[in-house]
$ cat target05.cif   # mmCIF, C-alpha atoms
data_protein
#
loop_
_atom_site.label_atom_id
_atom_site.label_comp_id
_atom_site.auth_asym_id
_atom_site.auth_seq_id
_atom_site.Cartn_x
_atom_site.Cartn_y
_atom_site.Cartn_z
CA MET A 1 -27.32 -10.43 25.02
CA ASN A 2 -24.13 -10.98 27.05
CA GLU A 3 -22.20 -8.11 28.60
CA ASN A 4 -19.55 -8.01 25.87
CA LYS A 5 -22.11 -7.79 23.06
CA LEU A 6 -24.08 -5.18 24.98
CA PHE A 7 -20.96 -3.02 25.32
CA THR A 8 -20.19 -3.44 21.62
CA ALA A 9 -23.70 -2.24 20.71
CA ARG A 10 -23.31 0.80 22.95
CA LEU A 11 -19.84 1.46 21.54
CA GLN A 12 -21.17 1.43 17.99
CA GLN A 13 -23.99 3.80 18.90
CA LYS A 14 -21.54 6.20 20.54
CA ALA A 15 -19.34 6.04 17.44
CA THR A 16 -22.36 6.95 15.32
CA ASP A 17 -23.16 9.86 17.63
CA LEU A 18 -19.61 11.15 17.13
CA GLY A 19 -19.88 11.13 13.35
CA PHE A 20 -18.51 7.73 12.40
CA ALA A 21 -20.39 5.80 9.72
CA ALA A 22 -18.80 2.42 10.48
CA CYS A 23 -17.41 0.71 13.57
CA GLY A 24 -16.09 -2.83 14.00
CA ILE A 25 -13.82 -4.82 16.28
CA ALA A 26 -10.93 -7.15 15.47
CA SER A 27 -8.51 -9.04 17.65
CA ALA A 28 -4.96 -7.72 17.71
CA ASP A 29 -3.85 -10.67 15.55
CA GLY A 30 -6.88 -10.52 13.27
CA ALA A 31 -4.94 -9.59 10.10
CA PRO A 32 -2.13 -12.19 10.05
CA LEU A 33 -1.28 -11.84 6.35
CA ALA A 34 -0.93 -8.05 6.40
CA GLY A 35 2.72 -8.07 7.46
CA GLU A 36 3.74 -10.58 4.82
CA ARG A 37 2.04 -8.57 2.09
CA LEU A 38 3.63 -5.36 3.36
CA ARG A 39 7.12 -6.83 3.25
CA ALA A 40 6.60 -8.16 -0.29
CA TRP A 41 5.43 -4.71 -1.40
CA LEU A 42 8.43 -3.03 0.19
CA ASP A 43 10.84 -5.58 -1.31
CA GLU A 44 9.50 -4.68 -4.77
CA GLY A 45 10.26 -1.03 -4.10
CA ALA A 46 6.64 -0.23 -4.92
CA HIS A 47 6.48 2.31 -2.08
CA GLY A 48 8.73 4.69 -4.00
CA SER A 49 10.24 7.41 -1.79
CA MET A 50 7.88 6.81 1.13
CA ILE A 51 10.72 5.77 3.39
CA TRP A 52 8.53 5.87 6.49
CA MET A 53 6.76 2.77 5.19
CA GLU A 54 9.95 0.74 5.57
CA ALA A 55 11.47 2.59 8.53
CA ARG A 56 8.92 1.12 10.95
CA ALA A 57 7.77 -1.84 8.89
CA ASP A 58 7.98 -4.30 11.78
CA GLN A 59 5.67 -2.19 13.92
CA ARG A 60 3.34 -1.63 10.99
CA ALA A 61 3.20 -5.35 10.22
CA ALA A 62 1.50 -6.35 13.49
CA PRO A 63 -0.32 -4.34 16.17
CA LYS A 64 1.48 -6.14 19.00
CA ALA A 65 4.83 -5.13 17.53
CA LEU A 66 3.78 -1.50 17.96
CA TRP A 67 2.15 -2.02 21.39
CA PRO A 68 2.59 -5.44 23.03
CA ALA A 69 -0.29 -4.85 25.47
CA VAL A 70 -2.99 -4.44 22.81
CA LYS A 71 -5.72 -7.09 22.72
CA SER A 72 -8.41 -5.57 20.49
CA ILE A 73 -8.60 -3.12 17.62
CA ILE A 74 -11.63 -0.87 17.24
CA ALA A 75 -11.71 0.09 13.56
CA LEU A 76 -13.72 3.14 12.56
CA GLY A 77 -14.74 4.73 9.30
CA MET A 78 -15.99 8.27 8.66
CA SER A 79 -17.78 8.88 5.36
CA TYR A 80 -16.81 11.56 2.88
CA ALA A 81 -19.13 10.36 0.10
CA PRO A 82 -19.17 13.12 -2.54
CA SER A 83 -22.40 14.72 -3.70
CA ILE A 84 -20.95 15.51 -7.13
CA ASP A 85 -19.23 13.31 -9.70
CA PRO A 86 -15.49 13.19 -8.89
CA LEU A 87 -14.75 12.81 -12.61
CA ALA A 88 -16.82 15.81 -13.72
CA LEU A 89 -13.82 18.09 -14.32
CA ALA A 90 -11.92 15.65 -16.50
CA GLY A 91 -12.21 17.87 -19.56
CA ALA A 92 -11.89 21.28 -17.89
CA GLY A 93 -8.47 22.38 -19.13
CA ASP A 94 -8.36 25.68 -17.25
CA ARG A 95 -9.23 24.07 -13.90
CA GLY A 96 -7.36 21.82 -11.53
CA ARG A 97 -8.82 18.61 -10.13
CA ILE A 98 -8.43 17.99 -6.41
CA SER A 99 -9.28 14.60 -4.93
CA VAL A 100 -12.64 14.83 -3.16
CA TYR A 101 -11.14 13.76 0.16
CA ALA A 102 -9.11 16.97 0.27
CA GLN A 103 -11.78 19.47 -0.75
CA GLY A 104 -13.07 19.95 2.80
CA GLY A 105 -11.63 19.94 6.31
CA ASP A 106 -8.45 18.05 7.16
CA TYR A 107 -9.49 14.49 7.99
CA HIS A 108 -6.51 14.08 10.33
CA ASP A 109 -7.99 16.70 12.66
CA VAL A 110 -11.64 15.70 12.28
CA VAL A 111 -11.18 11.96 12.70
CA LYS A 112 -8.64 12.27 15.52
CA ARG A 113 -10.92 14.59 17.48
CA ALA A 114 -13.75 12.07 17.24
CA LEU A 115 -11.41 9.17 18.09
CA LYS A 116 -10.26 10.94 21.25
CA ALA A 117 -13.85 11.61 22.30
CA LEU A 118 -14.72 7.95 21.76
CA ALA A 119 -11.60 6.91 23.65
CA ARG A 120 -12.64 8.99 26.66
CA TRP A 121 -16.06 7.34 26.60
CA ILE A 122 -14.53 3.84 26.44
CA VAL A 123 -12.27 4.48 29.44
CA ALA A 124 -15.16 5.92 31.44
CA GLU A 125 -17.43 2.99 30.59
CA ALA A 126 -15.05 0.02 30.58
CA GLY A 127 -11.60 1.11 31.67
CA GLY A 128 -8.45 -0.30 30.10
CA ASP A 129 -5.60 1.46 28.38
CA LEU A 130 -5.79 2.58 24.76
CA LYS A 131 -4.12 4.46 21.93
CA VAL A 132 -5.74 6.27 18.99
CA PHE A 133 -4.39 6.42 15.44
CA VAL A 134 -5.32 8.13 12.21
CA ASP A 135 -2.86 7.86 9.32
CA THR A 136 0.17 9.22 11.17
CA ALA A 137 1.51 6.07 12.88
CA PRO A 138 2.70 2.65 11.64
CA VAL A 139 -0.80 1.17 11.57
CA MET A 140 -2.32 -0.81 8.68
CA GLU A 141 -5.81 0.61 8.89
CA LYS A 142 -7.20 -1.11 5.79
CA PRO A 143 -6.48 -4.77 6.64
CA LEU A 144 -7.51 -4.10 10.24
CA ALA A 145 -10.79 -2.56 9.06
CA GLU A 146 -11.37 -5.64 6.90
CA ALA A 147 -10.66 -7.88 9.90
CA ALA A 148 -13.17 -5.83 11.90
CA GLY A 149 -15.90 -6.40 9.31
CA ILE A 150 -16.20 -2.82 8.04
CA GLY A 151 -15.52 -3.87 4.45
CA TRP A 152 -12.81 -5.47 2.35
CA GLN A 153 -9.70 -4.34 0.51
CA GLY A 154 -10.74 -4.10 -3.09
CA LYS A 155 -8.70 -4.66 -6.21
CA HIS A 156 -7.63 -1.01 -6.02
CA THR A 157 -6.17 -1.85 -2.54
CA ASN A 158 -8.47 0.62 -0.78
CA LEU A 159 -11.26 -0.39 1.56
CA VAL A 160 -14.69 -0.99 0.03
CA SER A 161 -17.86 -1.00 2.10
CA ARG A 162 -21.22 -2.42 1.07
CA ASP A 163 -22.86 0.61 2.68
CA HIS A 164 -20.37 3.42 2.00
CA GLY A 165 -18.55 2.38 -1.15
CA SER A 166 -14.94 3.56 -1.38
CA TRP A 167 -15.49 6.76 0.57
CA LEU A 168 -14.32 6.14 4.14
CA PHE A 169 -11.61 7.79 6.20
CA LEU A 170 -10.23 5.17 8.57
CA GLY A 171 -9.07 5.43 12.16
CA ALA A 172 -8.21 2.88 14.83
CA ILE A 173 -8.26 2.56 18.59
CA TYR A 174 -5.91 0.00 20.12
CA THR A 175 -7.12 -1.17 23.52
CA THR A 176 -6.14 -3.60 26.25
CA LEU A 177 -9.79 -4.60 26.58
CA ASP A 178 -10.61 -8.09 25.30
CA LEU A 179 -13.63 -7.36 23.11
CA ALA A 180 -15.67 -9.69 20.93
CA SER A 181 -14.40 -9.66 17.34
CA ALA A 182 -16.62 -9.23 14.31
CA MET A 183 -16.64 -11.51 11.28
CA PRO A 184 -14.05 -10.27 8.75
CA GLY A 185 -15.34 -8.47 5.68
CA ALA A 186 -15.87 -10.76 2.69
CA ASP A 187 -14.33 -9.84 -0.67
CA ARG A 188 -17.19 -8.90 -3.00
CA CYS A 189 -15.23 -7.56 -5.98
CA GLY A 190 -16.01 -10.68 -7.99
CA SER A 191 -14.94 -10.47 -11.62
CA CYS A 192 -15.19 -6.65 -11.73
CA ASP A 193 -12.02 -4.91 -12.84
CA ALA A 194 -13.39 -1.38 -13.33
CA CYS A 195 -10.82 0.17 -11.01
CA GLN A 196 -7.96 -1.55 -12.81
CA ARG A 197 -9.12 -0.31 -16.21
CA ALA A 198 -9.75 3.22 -14.96
CA CYS A 199 -6.20 3.91 -13.81
CA PRO A 200 -4.63 6.46 -16.22
CA THR A 201 -1.06 5.36 -15.47
CA ASP A 202 -1.48 1.56 -15.14
CA ALA A 203 -0.49 1.64 -11.48
CA PHE A 204 -1.95 -1.82 -10.79
CA PRO A 205 0.43 -4.58 -11.91
CA ALA A 206 -2.21 -7.07 -10.78
CA PRO A 207 -5.50 -6.99 -8.85
CA TYR A 208 -4.97 -6.10 -5.18
CA ARG A 209 -1.48 -4.76 -5.92
CA LEU A 210 -0.50 -1.11 -6.31
CA ASP A 211 2.79 0.26 -7.59
CA ALA A 212 2.83 3.66 -5.89
CA ARG A 213 5.58 4.87 -8.22
CA ARG A 214 3.01 4.94 -11.05
CA CYS A 215 0.08 6.26 -8.99
CA ILE A 216 -1.05 9.85 -9.60
CA SER A 217 -1.90 10.31 -5.93
CA TYR A 218 1.67 9.39 -5.01
CA LEU A 219 3.19 11.47 -7.79
CA THR A 220 1.23 14.64 -6.96
CA ILE A 221 1.31 14.34 -3.16
CA GLU A 222 4.15 12.20 -1.81
CA HIS A 223 6.77 12.60 -4.56
CA ALA A 224 8.87 15.73 -4.04
CA GLY A 225 11.04 15.74 -7.16
CA PRO A 226 10.26 16.21 -10.84
CA ILE A 227 7.34 14.08 -12.00
CA PRO A 228 8.62 11.50 -14.52
CA HIS A 229 7.85 12.57 -18.08
CA GLU A 230 6.17 9.27 -18.92
CA PHE A 231 3.28 10.10 -16.58
CA ARG A 232 2.79 13.80 -17.24
CA ALA A 233 0.27 13.60 -20.06
CA ALA A 234 -1.78 10.99 -18.17
CA ILE A 235 -1.99 13.27 -15.14
CA GLY A 236 -4.19 15.63 -17.13
CA ASN A 237 -5.51 18.38 -14.88
CA ARG A 238 -5.12 16.48 -11.59
CA ILE A 239 -3.24 18.73 -9.19
CA TYR A 240 -3.73 16.81 -5.94
CA GLY A 241 -4.50 13.13 -5.87
CA CYS A 242 -6.70 11.06 -8.15
CA ASP A 243 -10.16 9.57 -7.60
CA ASP A 244 -10.51 7.52 -10.77
CA CYS A 245 -10.12 4.01 -9.35
CA LEU A 246 -12.40 4.85 -6.42
CA ALA A 247 -15.00 6.73 -8.43
CA VAL A 248 -15.74 3.89 -10.85
CA CYS A 249 -16.35 1.27 -8.13
CA PRO A 250 -19.90 -0.10 -8.57
CA TRP A 251 -20.34 -0.34 -4.80
CA ASN A 252 -20.44 3.45 -4.62
CA LYS A 253 -24.04 3.35 -5.79
CA PHE A 254 -24.96 2.28 -2.25
CA ALA A 255 -23.08 5.16 -0.62
CA VAL A 256 -25.46 7.72 0.87
CA THR A 257 -24.13 11.27 0.76
CA ALA A 258 -26.30 12.15 3.77
CA HIS A 259 -23.99 9.91 5.82
CA ALA A 260 -20.96 12.04 4.92
CA ASN A 261 -19.53 14.05 7.78
CA ARG A 262 -20.29 17.75 7.33
CA ALA A 263 -16.68 18.64 8.10
CA PHE A 264 -15.73 17.23 4.71
CA ALA A 265 -18.20 19.32 2.73
CA PRO A 266 -16.22 20.80 -0.18
CA ARG A 267 -14.98 24.35 0.08
CA ALA A 268 -16.04 26.33 -2.99
CA GLU A 269 -12.50 27.48 -3.78
CA LEU A 270 -11.22 23.88 -3.82
CA VAL A 271 -13.90 22.29 -6.02
CA ALA A 272 -12.62 23.66 -9.33
CA PRO A 273 -9.68 26.03 -8.77
CA GLU A 274 -8.40 28.02 -11.73
CA LEU A 275 -4.92 27.02 -12.85
CA SER A 276 -3.98 30.65 -13.44
CA GLY A 277 -4.49 31.41 -9.77
CA LEU A 278 -2.54 28.37 -8.62
CA LEU A 279 0.41 29.24 -10.87
CA ALA A 280 0.64 32.64 -9.18
CA LEU A 281 0.83 31.31 -5.62
CA ASP A 282 3.72 32.25 -3.37
CA ASP A 283 4.28 30.64 0.04
CA ALA A 284 1.99 33.03 1.89
CA GLY A 285 -0.73 32.70 -0.72
CA PHE A 286 -0.50 28.93 -0.60
CA ARG A 287 -0.86 28.86 3.17
CA GLN A 288 -3.85 31.17 2.99
CA VAL A 289 -5.70 29.19 0.31
CA PHE A 290 -5.09 25.77 1.84
CA ALA A 291 -5.34 26.55 5.55
CA GLY A 292 -7.30 23.82 7.33
CA SER A 293 -6.91 21.46 4.37
CA PRO A 294 -4.79 18.30 4.16
CA ILE A 295 -3.28 19.86 1.05
CA LYS A 296 -1.26 22.27 3.17
CA ARG A 297 1.28 19.58 4.03
CA ILE A 298 2.68 19.29 0.48
CA GLY A 299 3.79 22.92 0.45
CA ARG A 300 3.72 25.58 -2.24
CA ASP A 301 6.41 24.16 -4.53
CA ARG A 302 4.74 20.79 -5.04
CA MET A 303 1.35 22.39 -5.68
CA VAL A 304 2.73 24.85 -8.23
CA ARG A 305 4.71 22.03 -9.87
CA ASN A 306 1.46 20.10 -10.23
CA ALA A 307 -0.35 23.15 -11.60
CA CYS A 308 2.41 23.54 -14.20
CA ILE A 309 1.90 19.96 -15.37
CA ALA A 310 -1.85 20.56 -15.62
CA ALA A 311 -1.24 23.79 -17.52
CA GLY A 312 0.99 21.95 -19.97
CA ASN A 313 -1.82 19.49 -20.58
CA SER A 314 -4.49 22.19 -20.89
CA GLY A 315 -3.88 23.28 -24.48
CA ASP A 316 -4.59 26.83 -23.24
CA PRO A 317 -1.97 29.36 -24.48
CA ALA A 318 -3.47 31.98 -22.14
CA LEU A 319 -1.57 30.26 -19.32
CA ALA A 320 1.81 30.86 -20.99
CA PRO A 321 2.53 34.26 -19.34
CA ALA A 322 2.05 32.79 -15.85
CA LEU A 323 4.33 29.91 -16.77
CA GLN A 324 6.98 32.28 -18.15
CA LYS A 325 7.20 33.96 -14.74
CA LEU A 326 7.99 30.61 -13.15
CA LEU A 327 11.00 29.83 -15.34
CA GLY A 328 13.20 31.63 -12.82
CA ASP A 329 11.45 30.23 -9.75
CA SER A 330 13.62 29.54 -6.70
CA SER A 331 12.41 25.94 -6.83
CA GLU A 332 14.19 24.00 -9.56
CA VAL A 333 11.32 21.52 -9.66
CA VAL A 334 8.82 24.31 -10.37
CA ALA A 335 11.05 25.96 -12.96
CA GLU A 336 11.57 22.66 -14.80
CA ALA A 337 7.83 21.90 -14.82
CA ALA A 338 7.09 25.39 -16.13
CA GLY A 339 9.57 24.92 -18.97
CA TRP A 340 8.00 21.58 -19.88
CA ALA A 341 4.51 23.11 -19.81
CA LEU A 342 5.54 25.98 -22.11
CA ALA A 343 7.03 23.50 -24.56
CA MET A 344 3.79 21.52 -24.51
CA LEU A 345 1.85 24.70 -25.26
CA GLY A 346 4.22 25.56 -28.10
CA ALA A 347 5.39 28.65 -26.21
CA GLY A 348 8.76 27.42 -24.98
#

$ encode --input "target05.cif" --output "structure tokens"
Amino acid sequence: MNENKLFTARLQQKATDLGFAACGIASADGAPLAGERLRAWLDEGAHGSMIWMEARADQRAAPKALWPAVKSIIALGMSYAPSIDPLALAGAGDRGRISVYAQGGDYHDVVKRALKALARWIVAEAGGDLKVFVDTAPVMEKPLAEAAGIGWQGKHTNLVSRDHGSWLFLGAIYTTLDLASAMPGADRCGSCDACQRACPTDAFPAPYRLDARRCISYLTIEHAGPIPHEFRAAIGNRIYGCDDCLAVCPWNKFAVTAHANRAFAPRAELVAPELSGLLALDDAGFRQVFAGSPIKRIGRDRMVRNACIAAGNSGDPALAPALQKLLGDSSEVVAEAAGWALAMLGAG
């Protein structure tokens, strides 16, 4: 085994020790088509109001545009494979559904802490300069992870792993070290279109293409204004994100929940929260309930707006009094959603 391969083996073992379930290496130019696909997606306007996607598109399109000195990308994945069925609450009208990735600790903090520890080890063992990234910089983690052999971008546009299914948080380390690249991940979706058929709002205009403006995750998390009426019924009781396209992927049967990082174990109060409690949240209450969760970044108004939509879809008239109190809310978006929900419950 040559020195480069020996270092790679030690690197992967250290990554495992730090809680990562997958680790691969790609050259800085290992995802040449990513930039072209990004620009086509932006030109279609499919990113909706996520202006940061276009603001630094050139840097996002190619690692060297962000950092000219980079030679290799170390792509890493941390498992959050759920132990319960993400679709189990589909018919629970009085409860809100939170995407499984957000039911535990904030992945930004957990993954970045592990990335920094791995980065310190790399510098001590091999030198070089490096930068660490997890979802907060113009980095295309999914195509880079595919180039590094961790998996492939499935028809739902998320990464799929043969070993971990669709349940990986991704991070990346850019380094000036010239490391041996892995073989890129091979697309193994075949003729399966389960994720396409599962989408409640038809957010996939074609396989491998996502229109964020129709995606429930975008609508409940990234979108700040009123949720378009055409999607409200399809949202059901989803109050933060949507797991449907991920949950139905057949490759999930190989995901081992024992590999999931303990930091992402679901908090009891976030597994099946009562809509009545969410409708009553003020700013302080919101911060208390969602402290340490990625949900905290959307703020109280967006969460209560989402809870109003879910309440309107619940068919439960017992939620009407809580909605009535929100008609005069200081947030126009919340007040509008409450009025819609009351009308849906026949109490408007």

$ residues_around --input "target05.cif" --residues "range 74-81 of chain A" --least-positions-apart "6" --cutoff "7 Å" --atoms "only C-alpha atoms" --output "list in words"
Gly19, Phe20, Ala21, Ala22, Cys23, Gly24, Ile25, Ala26, Tyr101, Leu144, Ala145, Ala148, His164, Trp167, Leu168, Phe169, Leu170, Gly171, Ala172, Ile173, Tyr174, Ala255, Val256, Thr257, His259, Ala260, Asn261 and Phe264 of chain A

$ atom_distance --input "target05.cif" --atom1 "CA of Ala263 in chain A" --atom2 "CA of Gly104 in chain A"
6.5 Å

$ closest_residue --input "target05.cif" --among "A:Val132, A:Cys308, A:Ile221, A:Ala343" --to "Asp94 in chain A" --atoms "only C-alpha atoms"
A:Cys308

$ closest_residue --input "target05.cif" --among "A:Leu219, A:Met303, A:Val134, A:Ala322" --to "Asp106 in chain A" --atoms "all atoms listed in the file"
A:Val134

$ residues_around --input "target05.cif" --residues "Lys296 in chain A" --least-positions-apart "4" --cutoff "8 Å" --atoms "all atoms listed in the file" --output "list in words"
Phe286, Arg287, Phe290, Ala291 and Gly292 of chain A

$ atom_distance --input "target05.cif" --atom1 "CA of Phe133 in chain A" --atom2 "CA of Lys112 in chain A"
7.2 Å

$ closest_residue --input "target05.cif" --among "A:Thr175, A:Ser99, A:Gln288, A:Gln324" --to "Ala347 in chain A" --atoms "all atoms listed in the file"
A:Gln324

$ build_atoms --input "target05.cif" --residues "range 135-160 of chain A" --atoms "N, CA, C and O atoms" --output "mmCIF file, keeping the file's coordinate frame"
data_model
loop_
_atom_site.group_PDB
_atom_site.id
_atom_site.type_symbol
_atom_site.label_atom_id
_atom_site.label_comp_id
_atom_site.auth_asym_id
_atom_site.auth_seq_id
_atom_site.Cartn_x
_atom_site.Cartn_y
_atom_site.Cartn_z
ATOM 1 N N ASP A 135 -3.703 7.592 10.480
ATOM 2 C CA ASP A 135 -2.860 7.860 9.320
ATOM 3 C C ASP A 135 -1.500 8.471 9.614
ATOM 4 O O ASP A 135 -0.792 8.847 8.696
ATOM 5 N N THR A 136 -1.107 8.591 10.879
ATOM 6 C CA THR A 136 0.170 9.220 11.170
ATOM 7 C C THR A 136 1.081 8.305 11.994
ATOM 8 O O THR A 136 2.099 8.752 12.501
ATOM 9 N N ALA A 137 0.729 7.040 12.122
ATOM 10 C CA ALA A 137 1.510 6.070 12.880
ATOM 11 C C ALA A 137 1.619 4.793 12.055
ATOM 12 O O ALA A 137 0.865 4.605 11.092
ATOM 13 N N PRO A 138 2.547 3.894 12.402
ATOM 14 C CA PRO A 138 2.700 2.650 11.640
ATOM 15 C C PRO A 138 1.569 1.658 11.928
ATOM 16 O O PRO A 138 1.745 0.661 12.634
ATOM 17 N N VAL A 139 0.411 1.974 11.378
ATOM 18 C CA VAL A 139 -0.800 1.170 11.570
ATOM 19 C C VAL A 139 -1.387 0.845 10.202
ATOM 20 O O VAL A 139 -1.532 1.733 9.358
ATOM 21 N N MET A 140 -1.727 -0.411 9.960
ATOM 22 C CA MET A 140 -2.320 -0.810 8.680
ATOM 23 C C MET A 140 -3.836 -0.788 8.810
ATOM 24 O O MET A 140 -4.496 -1.803 9.056
ATOM 25 N N GLU A 141 -4.397 0.408 8.644
ATOM 26 C CA GLU A 141 -5.810 0.610 8.890
ATOM 27 C C GLU A 141 -6.714 -0.236 7.997
ATOM 28 O O GLU A 141 -7.763 -0.725 8.439
ATOM 29 N N LYS A 142 -6.307 -0.418 6.738
ATOM 30 C CA LYS A 142 -7.200 -1.110 5.790
ATOM 31 C C LYS A 142 -7.357 -2.602 6.104
ATOM 32 O O LYS A 142 -8.492 -3.090 6.203
ATOM 33 N N PRO A 143 -6.283 -3.369 6.264
ATOM 34 C CA PRO A 143 -6.480 -4.770 6.640
ATOM 35 C C PRO A 143 -7.126 -4.940 8.006
ATOM 36 O O PRO A 143 -7.884 -5.897 8.224
ATOM 37 N N LEU A 144 -6.873 -4.016 8.923
ATOM 38 C CA LEU A 144 -7.510 -4.100 10.240
ATOM 39 C C LEU A 144 -9.010 -3.808 10.125
ATOM 40 O O LEU A 144 -9.830 -4.445 10.791
ATOM 41 N N ALA A 145 -9.372 -2.845 9.271
ATOM 42 C CA ALA A 145 -10.790 -2.560 9.060
ATOM 43 C C ALA A 145 -11.495 -3.747 8.410
ATOM 44 O O ALA A 145 -12.650 -4.058 8.733
ATOM 45 N N GLU A 146 -10.808 -4.426 7.495
ATOM 46 C CA GLU A 146 -11.370 -5.640 6.900
ATOM 47 C C GLU A 146 -11.554 -6.712 7.968
ATOM 48 O O GLU A 146 -12.608 -7.364 8.032
ATOM 49 N N ALA A 147 -10.563 -6.886 8.829
ATOM 50 C CA ALA A 147 -10.660 -7.880 9.900
ATOM 51 C C ALA A 147 -11.793 -7.561 10.861
ATOM 52 O O ALA A 147 -12.408 -8.458 11.448
ATOM 53 N N ALA A 148 -12.113 -6.259 10.994
ATOM 54 C CA ALA A 148 -13.170 -5.830 11.900
ATOM 55 C C ALA A 148 -14.554 -5.834 11.245
ATOM 56 O O ALA A 148 -15.536 -5.452 11.877
ATOM 57 N N GLY A 149 -14.614 -6.254 9.978
ATOM 58 C CA GLY A 149 -15.900 -6.400 9.310
ATOM 59 C C GLY A 149 -16.472 -5.150 8.687
ATOM 60 O O GLY A 149 -17.621 -5.150 8.222
ATOM 61 N N ILE A 150 -15.693 -4.060 8.614
ATOM 62 C CA ILE A 150 -16.200 -2.820 8.040
ATOM 63 C C ILE A 150 -16.341 -2.932 6.519
ATOM 64 O O ILE A 150 -17.234 -2.333 5.910
ATOM 65 N N GLY A 151 -15.485 -3.695 5.896
ATOM 66 C CA GLY A 151 -15.520 -3.870 4.450
ATOM 67 C C GLY A 151 -14.404 -4.813 4.039
ATOM 68 O O GLY A 151 -13.993 -5.664 4.824
ATOM 69 N N TRP A 152 -13.907 -4.635 2.825
ATOM 70 C CA TRP A 152 -12.810 -5.470 2.350
ATOM 71 C C TRP A 152 -11.872 -4.619 1.497
ATOM 72 O O TRP A 152 -12.276 -3.588 0.955
ATOM 73 N N GLN A 153 -10.624 -5.044 1.391
ATOM 74 C CA GLN A 153 -9.700 -4.340 0.510
ATOM 75 C C GLN A 153 -9.960 -4.761 -0.919
ATOM 76 O O GLN A 153 -9.793 -5.923 -1.286
ATOM 77 N N GLY A 154 -10.392 -3.808 -1.718
ATOM 78 C CA GLY A 154 -10.740 -4.100 -3.090
ATOM 79 C C GLY A 154 -9.531 -4.263 -3.988
ATOM 80 O O GLY A 154 -8.382 -4.177 -3.549
ATOM 81 N N LYS A 155 -9.789 -4.475 -5.258
ATOM 82 C CA LYS A 155 -8.700 -4.660 -6.210
ATOM 83 C C LYS A 155 -7.858 -3.402 -6.387
ATOM 84 O O LYS A 155 -6.729 -3.468 -6.866
ATOM 85 N N HIS A 156 -8.404 -2.247 -5.982
ATOM 86 C CA HIS A 156 -7.630 -1.010 -6.020
ATOM 87 C C HIS A 156 -6.832 -0.808 -4.720
ATOM 88 O O HIS A 156 -6.201 0.236 -4.540
ATOM 89 N N THR A 157 -6.878 -1.775 -3.831
ATOM 90 C CA THR A 157 -6.170 -1.850 -2.540
ATOM 91 C C THR A 157 -6.779 -0.974 -1.459
ATOM 92 O O THR A 157 -6.334 -1.013 -0.308
ATOM 93 N N ASN A 158 -7.782 -0.182 -1.788
ATOM 94 C CA ASN A 158 -8.470 0.620 -0.780
ATOM 95 C C ASN A 158 -9.635 -0.174 -0.199
ATOM 96 O O ASN A 158 -10.086 -1.164 -0.778
ATOM 97 N N LEU A 159 -10.134 0.294 0.940
ATOM 98 C CA LEU A 159 -11.260 -0.390 1.560
ATOM 99 C C LEU A 159 -12.542 -0.111 0.787
ATOM 100 O O LEU A 159 -12.777 1.016 0.337
ATOM 101 N N VAL A 160 -13.367 -1.126 0.647
ATOM 102 C CA VAL A 160 -14.690 -0.990 0.030
ATOM 103 C C VAL A 160 -15.732 -1.453 1.043
ATOM 104 O O VAL A 160 -15.574 -2.499 1.669
#
